[in-house]
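Visitor: Just passing along the structure, written as structure tokens.
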Amino acid sequence: MRTSVDIKTPFNQVSVAGYDVVVLGAGPYGLSAAAHLRGRGLKVAIFGKPLSLWRDHMPEGMLLRSYWWATSLSSPGEHYDFAHYFQEHGQTGYDPLPREVVIEYGLWFQKHVVPEVDETYVKVITRENGQFQVELIDGRVIQSRAVVMAPGLHYYAYRPDEYRHLPAELVSHTGDYNTVKQFTGKRVIVIGRGQGALETAALAHEGGADIQLVCRQAIYWIPAPKEHLSLIERIRYPQGGIAHGWFDWGLEHRPYRFQRLERSEKDQILAGRGKHGPMGAHWLRERVVGKFPLHEMQTVQKVKESDKGVQLVLSSGEKLEADRLVLGTGYRVDIRKLAMLEPSLIAEVQTYQNAPVLNTWFESTVPGLYFIGISSFSSCGPLYRFVVGTKAAAQRVAKGVERRVAKIR
């Protein structure tokens, strides 16, 4: 049971609910963390719209690039993974999974494992005298010994400076939509070569848009997996949730080793084998190549508003006109974009390239403030850019929070 106390403010009397830990975010990482925190007997409050990234920021008809078996959320006992979901629904797992199935699974998990999710938005998080105070937009105040930040990708949408001068009706990000119907009959230029850019372009084209795609480098298409691997091939390239091979297998099965490396070693990995840069799923290729113009190996030299919408000048000298520009430029962690964290609190968090510096428990330099998911990948490893990393992160952060709460009780 949660505890309550009353504190007086200059204007009214506010009921303050006390918890061991508050989880911000109800996506795969937030839900999994809440499940493992509850499993350790902690008093947990979790805020966010379940699967909001998938429901509000990914387009209808999208297919998942990851394997279905690597897309499970995590809970103690692992009784609510994707395999159990398919079993309960009389189905067999398959790839690629539609976005809608991922959402249905996530809501099924939430209903059974974390039913107490509060969808009220958090207004501001502050810290004083070793305690966190979480103010909600409806005026409620939550006091907690720890906070686990699991914000969605959409907070970190990367919009290059060269497009910032354009009005919102001319330029947007792939993460701004859960449908591409608004592009029907429009001329649209998509910038980027990652899965988000490629699939948005394909869906919009199939929906009746006039699409062109521009990218700085050639598109890399992930090879289709072999149906049958020899014993030697299985030994040389073990199957991993991110990709095949010993490196990615190691990230998944030794999930905390990266955290102990020196910064220079981490940077080398994140710029090399662990980069997992822009690429397209093999099954998407036939929906892109030959379907609409691809301007590969081209940079945008100039972009401006025109009488007909927006005009781009490419490095080849070619000029392109469109009604709208869509940025498939991915995501970059910058905790300054997390407006719910009070500025003085953010200032206390040590960062590296705008990402929080975390210890082996996913804890920042502010005691009791934890970051998981993509916010943690710079310190903790590339595994945590993917759903397959939820189990390792949730188990670790739950143990870390339990240790901290036990010390201050």
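Residues are referred to by chain and number: the chain letter is A, B, ... according to the order shown in the structure tokens, the number counts from 1 in that chain, and ligands are numbered separately from 1 in the order shown.
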Which residues are near stretch 55-68 of chain A? Cut-off 6 Å, only C-alpha atoms, ignore same chain within fewer than 4 positions. Put them as a PyMOL selection string.

Guide: chain A and resi 96-99+175-179

Visitor: Show me, as number ranges by chain, the residues that have an atom within 10 Å of A:Gly39 when counting only C-alpha atoms, minus same-chain residues fewer than 5 positions from it.

Guide: A: 33-34, 75-77, 113, 395, 398

Visitor: Which residues come within 9 Å of stretch 399-401 of chain A, counting only C-alpha atoms, excluding same-chain residues fewer than 4 positions away, as an NGL selection string?

Guide: :A and (20-21 or 36-37 or 40 or 42 or 145-148 or 360-363 or 368 or 370 or 394-395 or 405-406)

Visitor: Record the distance separating atom CA of A:Asp334 and atom CA of A:Tyr352, expressed in Å with one decimal.

Guide: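 Between atom CA of A:Asp334 and atom CA of A:Tyr352 the gap is 9.6 Å.
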